[in-house]
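Below is one structure; the comments refer to it alone.
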Amino acid sequence: MATASTPATGPTPAAGPVTWPRRPTKQIMVGKVPVGGGAPVTVQSMTITKTADVEATLEQIYALHAAGADIVRCTCNDRAAAEGLARIVPRSPVPLVADIHFHVEMALAALDAGVQCLRLNPGNLRKAEEIKLVARECRDRGVPVRIGVNAGSLDPRLYEKYGGATPDALVESAQIELALFAEVGFDDVKISVKASNVPLMIEAYRRLSEVTDHPLHLGVTEAGPPPAGTIKATAGIATLLAEGIGDTIRYSLTADPVEEAKAGRQLLEALGLRERKNVDLIACPSCGRAEIDVYKVAQEAMAAFEERKLPIQVAVMGCVVNGPGEAKSADLGIAAGKHRGHLFIRGHIVRVVPEDQMVSALVEEAERLVAEGIEARLAAADQGAEAEAEADRAALLDLRGDDANNSETRVELIDKRLEKPPDPQPPAE
Ligand code: SF4
């Protein structure tokens, strides 16, 4: 029987009973988006279009925004890109950061274009006078800078001093840049110390967080294609976020940047650091008791929910014997009975539907749940649904018994084997 639980009044919040204290940082404003100082952790990504191609770049910025990006970076590597930015900035739904690579003129041109933040790589722009010139311009225009240190393009002088791109070398690179900014009275700054090596990146950020209270931008650089790249980036970013370190994040994947924005958003939702925006789909791993192809139904449900912004947790469970009970904390779920789907809300069966309508019924109920609330949908439950579910459950138990995975038969086998005296060893030659 489905396990009863006290229904709550609304969908599950992203944050659960466990939260981590965040490291206090100063707050900067990237356009209208606050970074640090207790603001929600933000998601960033970067366009891969030619910035000079205004329409293509804007299309990508809109797609990134829809996928969860709060801030987007564009390359500003030549005059055409800077001119493109001037046309893109007023039409962008999110603040833009210009990556100016090696040229001081590009930093100034990006500021003229109206970007809301600059990214400076201390390994690329190295002349103190040029760095101070950019900092003065940013100070006067109220535009923040990300000091973007990268292990792969570390200033050779630091590489030599430390014998490689060590955590301390990355931190010192950021501190040198900060000191140059301080000479002209500028500290509207966030910092990143990225590396493609995850332990190096984690340690560099830990050390950096001990010596500065500027907001930190987290990332594992050149993480590579998914899924390995996503795992690598998650290992680095999630470890630090769980330690309270990090104010804004970027997944650097060799993939459509929309995947980066989605991954960033999903990570923050999973850690309870941002309110849930999309369905959190959970599914049982399936087992010998499953009455449906759980993988297939879960994939179909995932695809059906992809474009719908429903901030609830939805479960797909392979059987009605254990499904509703195991997933009773989900806002909504479906479990397979005897050729039927059992819809449940917080563990309570509310409707029984034909097997081929499981996904469509799940989507329909999810939309109504978000529109009407959990209590209203529980009150609208089909009379008799619980009894039908119980009948299916009893029939499945009769059919397969409690031991659908043959565990007890296997245990008996092991018992018999171990009771048997071991075979005598052949005599030594
Ligand atoms: S017992 Fe049912 S719900 Fe649990 S894993 Fe097996 S099929 Fe899924």
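How things are named: the first chain in the structure tokens is A, the next is B, and so on; residues count from 1 in each chain; ligands count from 1 in the order shown.
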Taking 2 positions as the minimum chain separation for residues in the same chain, which residues sit within 7 Å of segment 306-313 of chain A when counting only C-alpha atoms? Answer as an mmCIF file with N, CA and C atoms, in the first residue's frame.
data_model
loop_
_atom_site.group_PDB
_atom_site.id
_atom_site.type_symbol
_atom_site.label_atom_id
_atom_site.label_comp_id
_atom_site.auth_asym_id
_atom_site.auth_seq_id
_atom_site.Cartn_x
_atom_site.Cartn_y
_atom_site.Cartn_z
ATOM 1 N N PRO A 11 4.957 22.899 -3.721
ATOM 2 C CA PRO A 11 6.011 22.036 -4.203
ATOM 3 C C PRO A 11 7.249 22.095 -3.308
ATOM 4 N N THR A 12 8.082 21.041 -3.408
ATOM 5 C CA THR A 12 9.287 20.970 -2.602
ATOM 6 C C THR A 12 10.242 22.106 -2.947
ATOM 7 N N ARG A 276 14.378 25.940 -7.543
ATOM 8 C CA ARG A 276 14.154 25.052 -8.686
ATOM 9 C C ARG A 276 13.330 25.775 -9.748
ATOM 10 N N LYS A 277 13.779 25.654 -11.005
ATOM 11 C CA LYS A 277 13.095 26.322 -12.110
ATOM 12 C C LYS A 277 12.428 25.276 -12.999
ATOM 13 N N ASN A 278 13.074 24.139 -13.107
ATOM 14 C CA ASN A 278 12.574 23.078 -13.978
ATOM 15 C C ASN A 278 12.268 21.841 -13.146
ATOM 16 N N VAL A 279 11.618 20.894 -13.788
ATOM 17 C CA VAL A 279 11.334 19.619 -13.126
ATOM 18 C C VAL A 279 12.636 18.935 -12.706
ATOM 19 N N ASP A 280 12.646 18.442 -11.476
ATOM 20 C CA ASP A 280 13.743 17.585 -11.016
ATOM 21 C C ASP A 280 13.218 16.161 -11.165
ATOM 22 N N LEU A 281 13.676 15.480 -12.207
ATOM 23 C CA LEU A 281 13.151 14.134 -12.475
ATOM 24 C C LEU A 281 13.999 13.098 -11.749
ATOM 25 N N MET A 302 11.482 12.896 -19.384
ATOM 26 C CA MET A 302 12.506 13.955 -19.402
ATOM 27 C C MET A 302 12.304 14.853 -20.616
ATOM 28 N N ALA A 303 12.086 14.223 -21.776
ATOM 29 C CA ALA A 303 11.886 14.995 -23.014
ATOM 30 C C ALA A 303 10.604 15.818 -22.927
ATOM 31 N N ALA A 304 9.561 15.238 -22.367
ATOM 32 C CA ALA A 304 8.274 15.952 -22.298
ATOM 33 C C ALA A 304 8.351 17.152 -21.351
ATOM 34 N N ALA A 315 8.718 11.786 -9.986
ATOM 35 C CA ALA A 315 9.352 10.458 -9.915
ATOM 36 C C ALA A 315 8.755 9.506 -10.948
ATOM 37 N N ALA A 330 8.654 12.852 -3.336
ATOM 38 C CA ALA A 330 8.486 13.575 -4.610
ATOM 39 C C ALA A 330 7.118 14.248 -4.617
ATOM 40 N N ASP A 331 7.033 15.394 -5.271
ATOM 41 C CA ASP A 331 5.740 16.082 -5.346
ATOM 42 C C ASP A 331 4.747 15.233 -6.128
ATOM 43 N N LEU A 332 5.241 14.621 -7.180
ATOM 44 C CA LEU A 332 4.362 13.863 -8.067
ATOM 45 C C LEU A 332 5.156 12.676 -8.611
ATOM 46 N N VAL A 370 1.167 22.424 -10.374
ATOM 47 C CA VAL A 370 1.834 23.719 -10.233
ATOM 48 C C VAL A 370 0.792 24.847 -10.236
#
Distance table requested - chain A against ligand 1, cut-off 6 Å, only C-alpha atoms and all ligand atoms: one row per qualifying residue with the closest atom pair and its distance in Å to one decimal, ordered by chain and rising residue number, as JSON lines.
{"residue": "A:Cys284", "atom": "CA", "partner": "ligand 1", "partner_atom_place_in_ligand_line": "8 (Fe)", "distance": 4.6}
{"residue": "A:Pro285", "atom": "CA", "partner": "ligand 1", "partner_atom_place_in_ligand_line": "5 (S)", "distance": 5.3}
{"residue": "A:Ser286", "atom": "CA", "partner": "ligand 1", "partner_atom_place_in_ligand_line": "5 (S)", "distance": 4.1}
{"residue": "A:Cys287", "atom": "CA", "partner": "ligand 1", "partner_atom_place_in_ligand_line": "6 (Fe)", "distance": 4.2}
{"residue": "A:Arg289", "atom": "CA", "partner": "ligand 1", "partner_atom_place_in_ligand_line": "7 (S)", "distance": 4.8}
{"residue": "A:Ala290", "atom": "CA", "partner": "ligand 1", "partner_atom_place_in_ligand_line": "7 (S)", "distance": 3.6}
{"residue": "A:Met317", "atom": "CA", "partner": "ligand 1", "partner_atom_place_in_ligand_line": "3 (S)", "distance": 4.7}
{"residue": "A:Gly318", "atom": "CA", "partner": "ligand 1", "partner_atom_place_in_ligand_line": "7 (S)", "distance": 3.7}
{"residue": "A:Cys319", "atom": "CA", "partner": "ligand 1", "partner_atom_place_in_ligand_line": "2 (Fe)", "distance": 4.0}
{"residue": "A:Asn322", "atom": "CA", "partner": "ligand 1", "partner_atom_place_in_ligand_line": "3 (S)", "distance": 4.9}
{"residue": "A:Gly323", "atom": "CA", "partner": "ligand 1", "partner_atom_place_in_ligand_line": "3 (S)", "distance": 3.9}
Of the candidates A:Met46, A:Leu413, A:Ile334, A:Val193, which shows the shortest atom-to-atom distance to Glu259 of chain A, using only C-alpha atoms?
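So, comparing all the options, the nearest one is A:Met46.
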Of the residues A:Pro95, A:Gly264, A:Gly38, A:Pro21, which is the one nearest to Ile61 of chain A, using only C-alpha atoms?
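Going through A:Pro95, A:Gly264, A:Gly38, A:Pro21 one by one, the smallest distance to Ile61 of chain A is for A:Pro95.
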Which of these, A:Cys138, A:Ala238, A:Ile147, A:Leu85, has the shortest distance to Glu269 of chain A once you count only C-alpha atoms?
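Among A:Cys138, A:Ala238, A:Ile147, A:Leu85, it is A:Ala238 that comes nearest to Glu269 of chain A.
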Can you list every residue in segment 28-212 of chain A that DSSP puts in strand (DSSP E), as a ChimeraX atom specification?
/A:28-30,33-35,42-46,71-75,96-99,117-120,145-150,189-194
Once you have the residues from the selection above, write them out as a short mmCIF file (atom, residue, chain, number, x, y, z; two decimals), in the first residue's frame, restricted to C-alpha atoms.
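Output file result_28.cif follows:
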data_model
loop_
_atom_site.label_atom_id
_atom_site.label_comp_id
_atom_site.auth_asym_id
_atom_site.auth_seq_id
_atom_site.Cartn_x
_atom_site.Cartn_y
_atom_site.Cartn_z
CA ILE A 28 29.75 43.65 -7.18
CA MET A 29 27.10 44.42 -9.77
CA VAL A 30 27.42 42.99 -13.27
CA VAL A 33 22.97 41.10 -11.54
CA PRO A 34 24.58 41.07 -8.08
CA VAL A 35 27.56 38.75 -7.61
CA THR A 42 24.87 32.92 -10.67
CA VAL A 43 25.40 30.87 -13.83
CA GLN A 44 27.57 32.09 -16.67
CA SER A 45 28.35 30.81 -20.13
CA MET A 46 30.08 32.09 -23.24
CA ILE A 71 25.48 36.47 -17.28
CA VAL A 72 27.02 35.79 -20.72
CA ARG A 73 30.56 36.39 -21.95
CA CYS A 74 31.39 37.27 -25.55
CA THR A 75 34.77 37.47 -27.18
CA LEU A 96 27.52 40.89 -21.00
CA VAL A 97 31.17 40.36 -20.16
CA ALA A 98 33.75 41.07 -22.86
CA ASP A 99 36.81 38.84 -23.06
CA CYS A 117 32.00 43.67 -17.23
CA LEU A 118 35.46 42.98 -18.63
CA ARG A 119 37.45 39.80 -18.27
CA LEU A 120 41.20 40.42 -18.05
CA VAL A 145 36.41 43.39 -13.97
CA ARG A 146 36.93 39.68 -13.64
CA ILE A 147 40.57 38.90 -13.03
CA GLY A 148 40.63 35.63 -14.92
CA VAL A 149 43.79 33.71 -14.06
CA ASN A 150 44.26 30.53 -16.05
CA VAL A 189 36.51 42.94 -9.00
CA LYS A 190 35.69 39.25 -9.06
CA ILE A 191 38.37 36.65 -9.48
CA SER A 192 38.85 33.23 -11.05
CA VAL A 193 41.87 30.91 -10.80
CA LYS A 194 40.94 28.18 -13.25
#
Which is closest to Ile249 of chain A among A:Ala63, A:Leu218, A:Glu275, A:Arg368, if we use only C-alpha atoms?
A:Leu218
Across A:Ile202, A:Ala228, A:Val353, A:Ala223, the smallest distance to Glu243 of chain A, with only C-alpha atoms counted, is shown by A:Ile202
For a quick check of understanding, using only C-alpha atoms, which of A:Ala387, A:Ile48, A:Val320, A:Val350 has the smallest distance to Ala336 of chain A?
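Among A:Ala387, A:Ile48, A:Val320, A:Val350, it is A:Val320 that comes nearest to Ala336 of chain A.
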What's around Glu183 of chain A at 12 Å? Count only C-alpha atoms, leave out sequence neighbours fewer than 3 positions away in its own chain, and write the answer as a JSON list (two decimals) with N, CA and C atoms, in the first residue's frame.
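So the final result, stored in part09.json, reads:
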[["chain", "number", "residue", "atom", "x", "y", "z"],
["A", 128, "ALA", "N", 52.09, 46.67, -16.89],
["A", 128, "ALA", "CA", 51.45, 47.32, -15.74],
["A", 128, "ALA", "C", 50.70, 48.59, -16.16],
["A", 129, "GLU", "N", 51.31, 49.37, -17.04],
["A", 129, "GLU", "CA", 50.68, 50.65, -17.41],
["A", 129, "GLU", "C", 49.36, 50.40, -18.15],
["A", 131, "ILE", "N", 47.43, 47.73, -17.82],
["A", 131, "ILE", "CA", 46.46, 47.19, -16.85],
["A", 131, "ILE", "C", 45.85, 48.35, -16.04],
["A", 132, "LYS", "N", 46.71, 49.27, -15.64],
["A", 132, "LYS", "CA", 46.21, 50.40, -14.83],
["A", 132, "LYS", "C", 45.33, 51.33, -15.67],
["A", 133, "LEU", "N", 45.67, 51.46, -16.95],
["A", 133, "LEU", "CA", 44.85, 52.29, -17.84],
["A", 133, "LEU", "C", 43.43, 51.72, -17.92],
["A", 135, "ALA", "N", 42.01, 49.71, -15.74],
["A", 135, "ALA", "CA", 41.38, 49.80, -14.41],
["A", 135, "ALA", "C", 40.84, 51.21, -14.17],
["A", 136, "ARG", "N", 41.59, 52.22, -14.60],
["A", 136, "ARG", "CA", 41.11, 53.61, -14.43],
["A", 136, "ARG", "C", 39.82, 53.84, -15.22],
["A", 139, "ARG", "N", 37.02, 52.06, -13.48],
["A", 139, "ARG", "CA", 36.66, 52.81, -12.26],
["A", 139, "ARG", "C", 35.76, 54.00, -12.63],
["A", 176, "ILE", "N", 48.79, 40.10, -7.75],
["A", 176, "ILE", "CA", 49.58, 41.13, -8.45],
["A", 176, "ILE", "C", 48.63, 42.07, -9.22],
["A", 177, "GLU", "N", 47.65, 41.46, -9.87],
["A", 177, "GLU", "CA", 46.68, 42.27, -10.64],
["A", 177, "GLU", "C", 45.88, 43.18, -9.69],
["A", 178, "LEU", "N", 45.47, 42.61, -8.57],
["A", 178, "LEU", "CA", 44.71, 43.39, -7.58],
["A", 178, "LEU", "C", 45.53, 44.58, -7.09],
["A", 179, "ALA", "N", 46.83, 44.34, -6.88],
["A", 179, "ALA", "CA", 47.70, 45.42, -6.38],
["A", 179, "ALA", "C", 47.80, 46.53, -7.42],
["A", 180, "LEU", "N", 47.88, 46.16, -8.69],
["A", 180, "LEU", "CA", 47.93, 47.18, -9.75],
["A", 180, "LEU", "C", 46.63, 47.98, -9.78],
["A", 186, "PHE", "N", 40.97, 51.13, -7.71],
["A", 186, "PHE", "CA", 39.89, 50.32, -8.31],
["A", 186, "PHE", "C", 39.85, 48.95, -7.65],
["A", 187, "ASP", "N", 38.69, 48.56, -7.16],
["A", 187, "ASP", "CA", 38.59, 47.19, -6.61],
["A", 187, "ASP", "C", 37.22, 46.56, -6.87]]
Please provide as a VMD selection string all residues within 10 Å of Asp112 of chain A, with the sequence filter that same-chain residues fewer than 5 positions apart are discarded (counting only C-alpha atoms).
chain A and resid 82 to 83 85 to 86 106 to 107 141
Residues near Ala235 of chain A, cut-off 12 Å, only C-alpha atoms, skip fewer than 5 positions along chain, as a ChimeraX atom specification
/A:196-202,218-220,223,228-230,240-242,251,267
Two-atom distance - atom CA of Ser92 of chain A, atom CA of Ile245 of chain A (Å)
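Calculated distance between atom CA of Ser92 of chain A and atom CA of Ile245 of chain A is 29.0 Å.
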